[in-house]
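Novice: See query23.pdb below, with PDB, C-alpha atoms, pLDDT in the B column.
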```pdb
ATOM      1  CA  GLY A   1      -8.838  38.169  -0.422  1.00 36.00           C
ATOM      2  CA  GLU A   2      -6.025  36.184   1.100  1.00 39.00           C
ATOM      3  CA  SER A   3      -3.393  37.446   3.446  1.00 34.00           C
ATOM      4  CA  VAL A   4      -0.643  36.095   5.604  1.00 33.00           C
ATOM      5  CA  GLY A   5      -1.337  35.981   9.315  1.00 35.00           C
ATOM      6  CA  LEU A   6      -3.100  34.178  12.122  1.00 44.00           C
ATOM      7  CA  HIS A   7      -6.615  35.303  11.270  1.00 58.00           C
ATOM      8  CA  LEU A   8      -8.273  34.029   8.146  1.00 74.00           C
ATOM      9  CA  PRO A   9     -10.372  36.428   6.119  1.00 88.00           C
ATOM     10  CA  THR A  10     -14.014  35.515   6.510  1.00 91.00           C
ATOM     11  CA  LEU A  11     -16.849  35.749   4.055  1.00 94.00           C
ATOM     12  CA  SER A  12     -20.432  35.328   5.235  1.00 95.00           C
ATOM     13  CA  VAL A  13     -23.175  34.825   2.658  1.00 96.00           C
ATOM     14  CA  GLN A  14     -26.852  34.020   2.787  1.00 96.00           C
ATOM     15  CA  GLU A  15     -27.904  30.598   1.650  1.00 96.00           C
ATOM     16  CA  GLY A  16     -28.861  30.764  -2.004  1.00 96.00           C
ATOM     17  CA  ASP A  17     -26.701  33.806  -2.764  1.00 96.00           C
ATOM     18  CA  ASN A  18     -23.580  33.706  -4.889  1.00 96.00           C
ATOM     19  CA  SER A  19     -20.142  33.745  -3.232  1.00 96.00           C
ATOM     20  CA  ILE A  20     -16.954  35.248  -4.590  1.00 95.00           C
ATOM     21  CA  ILE A  21     -13.645  34.348  -2.985  1.00 95.00           C
ATOM     22  CA  ASN A  22     -10.520  36.149  -4.101  1.00 93.00           C
ATOM     23  CA  CYS A  23      -6.855  35.283  -4.240  1.00 92.00           C
ATOM     24  CA  ALA A  24      -3.812  37.323  -5.206  1.00 91.00           C
ATOM     25  CA  TYR A  25      -0.905  35.289  -6.491  1.00 88.00           C
ATOM     26  CA  SER A  26       2.721  36.188  -6.374  1.00 82.00           C
ATOM     27  CA  ASN A  27       4.469  35.319  -9.591  1.00 84.00           C
ATOM     28  CA  SER A  28       3.588  36.354 -13.129  1.00 85.00           C
ATOM     29  CA  ALA A  29       5.350  33.209 -14.376  1.00 84.00           C
ATOM     30  CA  SER A  30       2.880  30.894 -12.608  1.00 87.00           C
ATOM     31  CA  ASP A  31       0.978  28.941 -15.239  1.00 87.00           C
ATOM     32  CA  TYR A  32      -1.379  26.695 -13.304  1.00 91.00           C
ATOM     33  CA  PHE A  33      -3.768  27.443 -10.461  1.00 93.00           C
ATOM     34  CA  ILE A  34      -5.989  25.317  -8.268  1.00 95.00           C
ATOM     35  CA  TRP A  35      -8.783  26.015  -5.802  1.00 96.00           C
ATOM     36  CA  TYR A  36      -9.195  23.726  -2.808  1.00 96.00           C
ATOM     37  CA  LYS A  37     -11.940  23.384  -0.224  1.00 97.00           C
ATOM     38  CA  GLN A  38     -11.115  22.299   3.306  1.00 95.00           C
ATOM     39  CA  GLU A  39     -13.819  21.353   5.761  1.00 95.00           C
ATOM     40  CA  SER A  40     -13.093  21.274   9.452  1.00 91.00           C
ATOM     41  CA  GLY A  41     -10.990  18.260  10.422  1.00 90.00           C
ATOM     42  CA  LYS A  42     -10.536  17.100   6.838  1.00 93.00           C
ATOM     43  CA  GLY A  43      -7.915  17.284   4.149  1.00 95.00           C
ATOM     44  CA  PRO A  44      -8.075  19.782   1.287  1.00 96.00           C
ATOM     45  CA  GLN A  45     -10.367  18.717  -1.523  1.00 96.00           C
ATOM     46  CA  PHE A  46      -9.802  19.695  -5.160  1.00 95.00           C
ATOM     47  CA  ILE A  47     -12.527  21.946  -6.577  1.00 96.00           C
ATOM     48  CA  ILE A  48     -11.366  23.318  -9.893  1.00 97.00           C
ATOM     49  CA  ASP A  49      -8.199  24.276 -11.716  1.00 95.00           C
ATOM     50  CA  ILE A  50      -7.217  26.639 -14.511  1.00 95.00           C
ATOM     51  CA  ARG A  51      -4.170  27.097 -16.697  1.00 93.00           C
ATOM     52  CA  SER A  52      -2.755  30.451 -17.703  1.00 91.00           C
ATOM     53  CA  ASN A  53      -3.885  30.130 -21.317  1.00 93.00           C
ATOM     54  CA  MET A  54      -7.475  30.494 -20.085  1.00 95.00           C
ATOM     55  CA  ASP A  55      -9.208  33.314 -18.227  1.00 96.00           C
ATOM     56  CA  LYS A  56     -12.343  31.449 -17.171  1.00 97.00           C
ATOM     57  CA  ARG A  57     -13.324  27.908 -16.409  1.00 97.00           C
ATOM     58  CA  GLN A  58     -16.622  26.537 -15.191  1.00 97.00           C
ATOM     59  CA  GLY A  59     -17.487  23.497 -13.153  1.00 95.00           C
ATOM     60  CA  GLN A  60     -20.603  22.393 -11.367  1.00 93.00           C
ATOM     61  CA  ARG A  61     -21.811  25.542  -9.546  1.00 96.00           C
ATOM     62  CA  VAL A  62     -18.273  26.917  -9.497  1.00 98.00           C
ATOM     63  CA  THR A  63     -16.402  29.249 -11.817  1.00 98.00           C
ATOM     64  CA  VAL A  64     -12.772  30.285 -11.627  1.00 97.00           C
ATOM     65  CA  LEU A  65     -11.642  33.559 -13.171  1.00 97.00           C
ATOM     66  CA  LEU A  66      -8.020  34.391 -13.851  1.00 96.00           C
ATOM     67  CA  ASN A  67      -6.767  37.926 -14.400  1.00 94.00           C
ATOM     68  CA  LYS A  68      -3.104  37.689 -15.306  1.00 92.00           C
ATOM     69  CA  THR A  69      -2.714  41.446 -15.670  1.00 93.00           C
ATOM     70  CA  VAL A  70      -3.233  42.024 -11.957  1.00 92.00           C
ATOM     71  CA  LYS A  71      -2.291  38.505 -10.822  1.00 92.00           C
ATOM     72  CA  HIS A  72      -5.690  37.800  -9.397  1.00 93.00           C
ATOM     73  CA  LEU A  73      -7.748  34.636  -9.141  1.00 93.00           C
ATOM     74  CA  SER A  74     -11.339  34.327  -8.004  1.00 95.00           C
ATOM     75  CA  LEU A  75     -13.698  31.488  -7.206  1.00 96.00           C
ATOM     76  CA  GLN A  76     -17.394  32.031  -7.707  1.00 97.00           C
ATOM     77  CA  ILE A  77     -19.878  29.656  -6.103  1.00 97.00           C
ATOM     78  CA  ALA A  78     -23.429  29.862  -7.397  1.00 97.00           C
ATOM     79  CA  ALA A  79     -26.440  29.362  -5.135  1.00 97.00           C
ATOM     80  CA  THR A  80     -24.313  28.830  -2.029  1.00 97.00           C
ATOM     81  CA  GLN A  81     -25.450  25.968   0.188  1.00 96.00           C
ATOM     82  CA  PRO A  82     -24.746  25.122   3.863  1.00 96.00           C
ATOM     83  CA  GLY A  83     -22.444  22.331   2.687  1.00 96.00           C
ATOM     84  CA  ASP A  84     -20.235  24.970   1.064  1.00 97.00           C
ATOM     85  CA  SER A  85     -19.149  26.263   4.481  1.00 96.00           C
ATOM     86  CA  ALA A  86     -15.412  25.629   4.630  1.00 96.00           C
ATOM     87  CA  VAL A  87     -12.017  27.249   4.165  1.00 94.00           C
ATOM     88  CA  TYR A  88     -11.159  27.875   0.525  1.00 96.00           C
ATOM     89  CA  PHE A  89      -7.619  28.451  -0.646  1.00 92.00           C
ATOM     90  CA  CYS A  90      -5.837  28.841  -3.907  1.00 93.00           C
ATOM     91  CA  ALA A  91      -2.574  27.311  -5.006  1.00 92.00           C
ATOM     92  CA  GLU A  92      -0.232  28.558  -7.721  1.00 90.00           C
ATOM     93  CA  ASN A  93       2.222  26.352  -9.541  1.00 86.00           C
ATOM     94  CA  ILE A  94       5.624  27.862  -9.002  1.00 77.00           C
ATOM     95  CA  TRP A  95       8.957  26.452  -8.029  1.00 64.00           C
ATOM     96  CA  ASN A  96       9.848  27.948  -4.696  1.00 58.00           C
ATOM     97  CA  TYR A  97      12.031  26.255  -2.089  1.00 53.00           C
ATOM     98  CA  GLY A  98      11.813  23.146  -4.211  1.00 55.00           C
ATOM     99  CA  GLN A  99       8.078  22.895  -4.005  1.00 61.00           C
ATOM    100  CA  ASN A 100       5.748  22.961  -6.925  1.00 75.00           C
ATOM    101  CA  PHE A 101       2.777  24.747  -5.380  1.00 87.00           C
ATOM    102  CA  VAL A 102       2.478  27.761  -3.116  1.00 86.00           C
ATOM    103  CA  PHE A 103      -0.703  27.831  -1.064  1.00 89.00           C
ATOM    104  CA  GLY A 104      -2.511  30.825   0.342  1.00 84.00           C
ATOM    105  CA  PRO A 105      -3.794  30.655   3.948  1.00 83.00           C
ATOM    106  CA  GLY A 106      -7.396  30.664   2.798  1.00 91.00           C
ATOM    107  CA  THR A 107     -10.735  32.384   3.261  1.00 94.00           C
ATOM    108  CA  ARG A 108     -13.363  31.000   5.604  1.00 94.00           C
ATOM    109  CA  LEU A 109     -16.804  30.883   3.988  1.00 96.00           C
ATOM    110  CA  SER A 110     -19.781  30.833   6.340  1.00 95.00           C
ATOM    111  CA  VAL A 111     -23.223  30.213   4.898  1.00 95.00           C
ATOM    112  CA  LEU A 112     -26.027  31.809   6.869  1.00 93.00           C
ATOM    113  CA  PRO A 113     -29.471  30.140   6.935  1.00 88.00           C
TER
ATOM    114  CA  ASN I   1     -11.800   4.198  -3.697  1.00 64.00           C
ATOM    115  CA  ALA I   2      -9.619   4.994  -0.682  1.00 80.00           C
ATOM    116  CA  GLY I   3      -7.425   7.642  -2.386  1.00 95.00           C
ATOM    117  CA  VAL I   4      -4.738   8.809   0.060  1.00 97.00           C
ATOM    118  CA  THR I   5      -4.736   7.105   3.461  1.00 97.00           C
ATOM    119  CA  GLN I   6      -2.801   8.461   6.428  1.00 97.00           C
ATOM    120  CA  THR I   7      -2.205   6.950   9.830  1.00 96.00           C
ATOM    121  CA  PRO I   8      -2.503   7.786  12.660  1.00 97.00           C
ATOM    122  CA  LYS I   9      -5.192  10.492  12.763  1.00 96.00           C
ATOM    123  CA  PHE I  10      -4.070  11.839  16.121  1.00 96.00           C
ATOM    124  CA  GLN I  11      -0.832  11.567  18.072  1.00 96.00           C
ATOM    125  CA  VAL I  12       0.587  13.115  21.222  1.00 97.00           C
ATOM    126  CA  LEU I  13       4.335  12.947  21.780  1.00 97.00           C
ATOM    127  CA  LYS I  14       6.688  14.136  24.448  1.00 97.00           C
ATOM    128  CA  THR I  15       9.663  16.250  23.436  1.00 98.00           C
ATOM    129  CA  GLY I  16      12.444  13.987  22.206  1.00 97.00           C
ATOM    130  CA  GLN I  17      10.248  11.064  21.254  1.00 97.00           C
ATOM    131  CA  SER I  18      10.259   9.700  17.728  1.00 96.00           C
ATOM    132  CA  MET I  19       7.472   8.538  15.474  1.00 96.00           C
ATOM    133  CA  THR I  20       6.649   7.734  11.865  1.00 97.00           C
ATOM    134  CA  LEU I  21       3.607   8.951   9.972  1.00 98.00           C
ATOM    135  CA  GLN I  22       2.430   6.533   7.328  1.00 97.00           C
ATOM    136  CA  CYS I  23       0.873   7.379   3.977  1.00 98.00           C
ATOM    137  CA  ALA I  24      -0.368   5.188   1.148  1.00 97.00           C
ATOM    138  CA  GLN I  25      -2.153   5.988  -2.112  1.00 97.00           C
ATOM    139  CA  ASP I  26      -4.006   3.625  -4.405  1.00 96.00           C
ATOM    140  CA  MET I  27      -4.254   5.886  -7.473  1.00 96.00           C
ATOM    141  CA  ASN I  28      -0.999   4.748  -9.081  1.00 96.00           C
ATOM    142  CA  HIS I  29       0.392   8.269  -8.724  1.00 96.00           C
ATOM    143  CA  ASN I  30       4.067   8.898  -9.329  1.00 95.00           C
ATOM    144  CA  SER I  31       4.585  11.838  -6.961  1.00 93.00           C
ATOM    145  CA  MET I  32       3.951  12.038  -3.247  1.00 95.00           C
ATOM    146  CA  TYR I  33       4.316  14.856  -0.715  1.00 95.00           C
ATOM    147  CA  TRP I  34       4.275  15.691   2.965  1.00 97.00           C
ATOM    148  CA  TYR I  35       2.904  19.069   4.075  1.00 96.00           C
ATOM    149  CA  ARG I  36       2.331  20.707   7.414  1.00 96.00           C
ATOM    150  CA  GLN I  37      -0.491  23.132   8.114  1.00 95.00           C
ATOM    151  CA  ASP I  38      -0.298  25.659  10.911  1.00 92.00           C
ATOM    152  CA  PRO I  39      -3.094  28.030  11.985  1.00 84.00           C
ATOM    153  CA  GLY I  40      -3.543  30.961   9.637  1.00 76.00           C
ATOM    154  CA  MET I  41      -0.776  29.802   7.301  1.00 80.00           C
ATOM    155  CA  GLY I  42      -0.780  28.082   3.974  1.00 84.00           C
ATOM    156  CA  LEU I  43       0.335  24.514   3.550  1.00 92.00           C
ATOM    157  CA  ARG I  44       4.116  24.227   3.608  1.00 93.00           C
ATOM    158  CA  LEU I  45       6.012  21.449   1.896  1.00 92.00           C
ATOM    159  CA  ILE I  46       8.274  19.352   4.095  1.00 95.00           C
ATOM    160  CA  TYR I  47       9.537  16.730   1.647  1.00 95.00           C
ATOM    161  CA  TYR I  48       8.406  15.308  -1.643  1.00 93.00           C
ATOM    162  CA  SER I  49       9.096  12.342  -3.860  1.00 94.00           C
ATOM    163  CA  ALA I  50       8.732  13.140  -7.549  1.00 90.00           C
ATOM    164  CA  SER I  51       8.905   9.460  -8.430  1.00 90.00           C
ATOM    165  CA  GLU I  52       9.656   6.133  -6.815  1.00 91.00           C
ATOM    166  CA  GLY I  53      13.252   6.058  -5.660  1.00 89.00           C
ATOM    167  CA  THR I  54      13.719   9.812  -5.276  1.00 93.00           C
ATOM    168  CA  THR I  55      13.109  12.210  -2.404  1.00 95.00           C
ATOM    169  CA  ASP I  56      13.833  15.918  -2.080  1.00 92.00           C
ATOM    170  CA  LYS I  57      13.582  18.633   0.535  1.00 92.00           C
ATOM    171  CA  GLY I  58      10.799  21.148   0.471  1.00 90.00           C
ATOM    172  CA  GLU I  59      10.463  24.464   2.253  1.00 88.00           C
ATOM    173  CA  VAL I  60      10.640  23.203   5.868  1.00 93.00           C
ATOM    174  CA  PRO I  61      12.606  19.907   6.002  1.00 95.00           C
ATOM    175  CA  ASN I  62      14.543  20.398   9.237  1.00 96.00           C
ATOM    176  CA  GLY I  63      13.748  17.790  11.888  1.00 96.00           C
ATOM    177  CA  TYR I  64      12.137  15.363   9.443  1.00 97.00           C
ATOM    178  CA  ASN I  65      13.135  12.432   7.274  1.00 97.00           C
ATOM    179  CA  VAL I  66      11.192  10.554   4.640  1.00 97.00           C
ATOM    180  CA  SER I  67      11.188   7.190   2.935  1.00 97.00           C
ATOM    181  CA  ARG I  68       9.537   6.328  -0.368  1.00 96.00           C
ATOM    182  CA  LEU I  69       9.043   2.683   0.423  1.00 90.00           C
ATOM    183  CA  ASN I  70       7.488   1.838  -2.957  1.00 95.00           C
ATOM    184  CA  LYS I  71       5.230   3.575  -5.450  1.00 96.00           C
ATOM    185  CA  ARG I  72       2.283   3.451  -3.048  1.00 97.00           C
ATOM    186  CA  GLU I  73       3.857   4.390   0.270  1.00 97.00           C
ATOM    187  CA  PHE I  74       5.659   7.488   1.553  1.00 98.00           C
ATOM    188  CA  SER I  75       6.456   7.834   5.251  1.00 98.00           C
ATOM    189  CA  LEU I  76       7.513  10.813   7.340  1.00 98.00           C
ATOM    190  CA  ARG I  77       9.692  10.346  10.407  1.00 98.00           C
ATOM    191  CA  LEU I  78      10.308  12.680  13.303  1.00 97.00           C
ATOM    192  CA  GLU I  79      13.514  11.486  14.984  1.00 93.00           C
ATOM    193  CA  SER I  80      13.368  13.754  18.035  1.00 96.00           C
ATOM    194  CA  ALA I  81      10.081  15.609  18.276  1.00 96.00           C
ATOM    195  CA  ALA I  82      10.045  19.262  19.314  1.00 97.00           C
ATOM    196  CA  PRO I  83       7.094  21.482  20.340  1.00 97.00           C
ATOM    197  CA  SER I  84       7.608  23.481  17.118  1.00 96.00           C
ATOM    198  CA  GLN I  85       6.539  20.375  15.222  1.00 97.00           C
ATOM    199  CA  THR I  86       3.051  20.552  16.692  1.00 97.00           C
ATOM    200  CA  SER I  87       0.953  20.829  13.562  1.00 97.00           C
ATOM    201  CA  VAL I  88      -1.449  19.056  11.249  1.00 97.00           C
ATOM    202  CA  TYR I  89       0.373  16.926   8.712  1.00 98.00           C
ATOM    203  CA  PHE I  90      -1.022  16.074   5.298  1.00 98.00           C
ATOM    204  CA  CYS I  91       0.186  13.570   2.803  1.00 98.00           C
ATOM    205  CA  ALA I  92      -0.676  14.186  -0.840  1.00 96.00           C
ATOM    206  CA  SER I  93      -0.099  12.567  -4.192  1.00 96.00           C
ATOM    207  CA  SER I  94      -0.299  13.568  -7.847  1.00 93.00           C
ATOM    208  CA  VAL I  95      -0.009  11.842 -11.186  1.00 92.00           C
ATOM    209  CA  GLN I  96       3.231  13.709 -11.714  1.00 85.00           C
ATOM    210  CA  ARG I  97       5.039  16.587 -10.108  1.00 80.00           C
ATOM    211  CA  ASP I  98       3.144  19.603 -11.489  1.00 78.00           C
ATOM    212  CA  GLU I  99      -0.332  18.146 -11.520  1.00 86.00           C
ATOM    213  CA  LYS I 100      -3.104  18.678  -9.012  1.00 90.00           C
ATOM    214  CA  LEU I 101      -2.656  17.226  -5.575  1.00 93.00           C
ATOM    215  CA  PHE I 102      -4.949  14.788  -3.808  1.00 95.00           C
ATOM    216  CA  PHE I 103      -4.731  14.959  -0.028  1.00 97.00           C
ATOM    217  CA  GLY I 104      -5.209  12.547   2.824  1.00 97.00           C
ATOM    218  CA  SER I 105      -7.344  13.405   5.840  1.00 96.00           C
ATOM    219  CA  GLY I 106      -4.424  14.529   7.982  1.00 96.00           C
ATOM    220  CA  THR I 107      -2.624  13.689  11.219  1.00 97.00           C
ATOM    221  CA  GLN I 108      -2.992  16.051  14.144  1.00 96.00           C
ATOM    222  CA  LEU I 109       0.278  15.936  16.075  1.00 97.00           C
ATOM    223  CA  SER I 110       0.904  17.556  19.437  1.00 97.00           C
ATOM    224  CA  VAL I 111       4.381  17.641  20.956  1.00 97.00           C
ATOM    225  CA  LEU I 112       4.426  18.465  24.645  1.00 96.00           C
TER
END
```
Just dump the structure as structure tokens.
Specialist:
Amino acid sequence: GESVGLHLPTLSVQEGDNSIINCAYSNSASDYFIWYKQESGKGPQFIIDIRSNMDKRQGQRVTVLLNKTVKHLSLQIAATQPGDSAVYFCAENIWNYGQNFVFGPGTRLSVLP
Amino acid sequence: NAGVTQTPKFQVLKTGQSMTLQCAQDMNHNSMYWYRQDPGMGLRLIYYSASEGTTDKGEVPNGYNVSRLNKREFSLRLESAAPSQTSVYFCASSVQRDEKLFFGSGTQLSVL
């Protein structure tokens, strides 16, 4: 899962296995969530989003699950590939300090050969 | 398609120097944003522009100013750089304020 601090949580998976990255969000009023992927030295890249009227959404090799009861979001990556190695972070749509999204610090995914 | 383009990619400043980070998007988006990213922390909003002609403070605006030059361009200015402003800066845009963000590739800024 995600946490505040200097050290990112790390997830190591074998190539070909499935990955599950978790995120706890802060506000039960948040109604829109996004997962981003950030490779080293690059900007965050949109992966998939979900609105609060859904509990599951699928993309190409990725699935996002939303559990509003416990305020939990997860990203599942099927058949993880070396190119999936990156930092993944979630964003929730909430007005806080005038901003529209609050971002978690992320989880570093390492894919082992 | 270029998407969101930021310049420069790297910059080193001395304390007290000023500089402007440039950002342009070619997606005809209404809203644009400046974020900073520090190690182990989530992206934090510095300033945003919900639409052309408007700008507003985000979570960490102190020490920065912005200009929404036109619909495409949104610049971030550091008037008197401080070591605490050492960070990676990202510009982003979205169709409108509460829609998904598209990010540039970032500017790595070091203030000595």
Novice: Between chain I and chain A, at 10 Å or less, what are the per-residue closest atom pairs and their distances in Å? Count all atoms listed in the file, order by chain and rising residue number, and return it as a Markdown table.
Specialist:
```
| residue | atom | partner | partner_atom | distance |
| --- | --- | --- | --- | --- |
| I:Val4 | CA | A:Gly43 | CA | 9.9 |
| I:Lys9 | CA | A:Gly41 | CA | 10.0 |
| I:Tyr33 | CA | A:Gln99 | CA | 9.5 |
| I:Gln37 | CA | A:Pro105 | CA | 9.2 |
| I:Asp38 | CA | A:Leu6 | CA | 9.0 |
| I:Pro39 | CA | A:Leu6 | CA | 6.1 |
| I:Gly40 | CA | A:Leu6 | CA | 4.1 |
| I:Met41 | CA | A:Pro105 | CA | 4.6 |
| I:Gly42 | CA | A:Pro105 | CA | 4.0 |
| I:Leu43 | CA | A:Phe103 | CA | 5.8 |
| I:Arg44 | CA | A:Phe103 | CA | 7.6 |
| I:Leu45 | CA | A:Gln99 | CA | 6.4 |
| I:Ile46 | CA | A:Gln99 | CA | 8.8 |
| I:Tyr47 | CA | A:Gln99 | CA | 8.5 |
| I:Tyr48 | CA | A:Gln99 | CA | 8.0 |
| I:Asp56 | CA | A:Gly98 | CA | 7.8 |
| I:Lys57 | CA | A:Gly98 | CA | 6.8 |
| I:Gly58 | CA | A:Gly98 | CA | 5.2 |
| I:Glu59 | CA | A:Tyr97 | CA | 5.0 |
| I:Val60 | CA | A:Tyr97 | CA | 8.6 |
| I:Val88 | CA | A:Gly41 | CA | 9.6 |
| I:Tyr89 | CA | A:Gly43 | CA | 9.5 |
| I:Phe90 | CA | A:Gly43 | CA | 7.1 |
| I:Cys91 | CA | A:Gly43 | CA | 9.0 |
| I:Ala92 | CA | A:Gly43 | CA | 9.3 |
| I:Arg97 | CA | A:Asn100 | CA | 7.2 |
| I:Asp98 | CA | A:Asn100 | CA | 6.2 |
| I:Glu99 | CA | A:Tyr32 | CA | 8.8 |
| I:Lys100 | CA | A:Ile34 | CA | 7.3 |
| I:Leu101 | CA | A:Phe46 | CA | 7.6 |
| I:Phe102 | CA | A:Phe46 | CA | 7.0 |
| I:Phe103 | CA | A:Gly43 | CA | 5.7 |
| I:Gly104 | CA | A:Gly43 | CA | 5.6 |
| I:Ser105 | CA | A:Gly43 | CA | 4.3 |
| I:Gly106 | CA | A:Gly43 | CA | 5.9 |
| I:Thr107 | CA | A:Gly43 | CA | 9.5 |
| I:Gln108 | CA | A:Gly41 | CA | 9.1 |
```
Novice: What separation in Å, quoted to one decimal, exists between CA of Lys56 in chain A and CA of Thr80 in chain A?
Specialist: 19.5 Å
Novice: Starting from the PyMOL selection byres ((chain I and resi 65-72) around 12), expand the selection into actual residues of this file and give them as a PyMOL selection string.
Specialist: chain I and resi 3-6+18-35+46-58+60-64+73-81+91-95
Novice: So the first atom is CA of Ser84 in chain I and the second is CA of Thr15 in chain I; what is the distance between them in Å, to one decimal place?
Specialist: 9.8 Å
Novice: Please, what distance in Å, to one decimal, runs between CA of Asp84 in chain A and CA of Ala2 in chain I?
Specialist: 22.7 Å
Novice: So, with all atoms listed in the file as the atoms that count, which of A:Ile47, A:Val70, A:Ala78, A:Val62 lies closest to Ala24 in chain A?
Specialist: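 Of all the options, A:Val70 lies closest to Ala24 in chain A.
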Novice: With the PyMOL selection byres ((chain I and resi 14) around 6) as the selection, what would be picked from this file? Answer as number ranges by chain, please.
Specialist: I: 13, 15, 17, 111-112
Novice: Put those residues in a file: C-alpha atoms, as an mmCIF file, in the coordinates of the input.
Specialist:
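Generated output (part-v7.cif):
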```
data_model
loop_
_atom_site.group_PDB
_atom_site.id
_atom_site.type_symbol
_atom_site.label_atom_id
_atom_site.label_comp_id
_atom_site.auth_asym_id
_atom_site.auth_seq_id
_atom_site.Cartn_x
_atom_site.Cartn_y
_atom_site.Cartn_z
ATOM 1 C CA LEU I 13 4.335 12.947 21.780
ATOM 2 C CA THR I 15 9.663 16.250 23.436
ATOM 3 C CA GLN I 17 10.248 11.064 21.254
ATOM 4 C CA VAL I 111 4.381 17.641 20.956
ATOM 5 C CA LEU I 112 4.426 18.465 24.645
#
```
Novice: What do you get, as a ChimeraX atom specification, if you spell out every residue that the PyMOL selection byres ((chain A and resi 26) around 10) selects here?
Specialist: /A:23-25,27-30,71-72,92,94,102
Novice: Nearest to Leu75 in chain A: which of A:Thr10, A:Asn53, A:Ser19, A:Gln60 is it, counting all atoms listed in the file?
Specialist: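 Among the listed residues, A:Ser19 lies closest to Leu75 in chain A.
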Novice: Please write as a PyMOL selection string the list of polymer residues whose atoms come within 10 Å of (-5.7, 32.9, -20.8), counting only C-alpha atoms and keeping to the coordinates of the file.
Specialist: chain A and resi 31+50-56+65-68
Novice: Given only C-alpha atoms as the basis, pick out the residue of A:Ser85, A:Ser110, A:Gln14, A:Gln76 nearest to Arg57 in chain A.
Specialist: A:Gln76
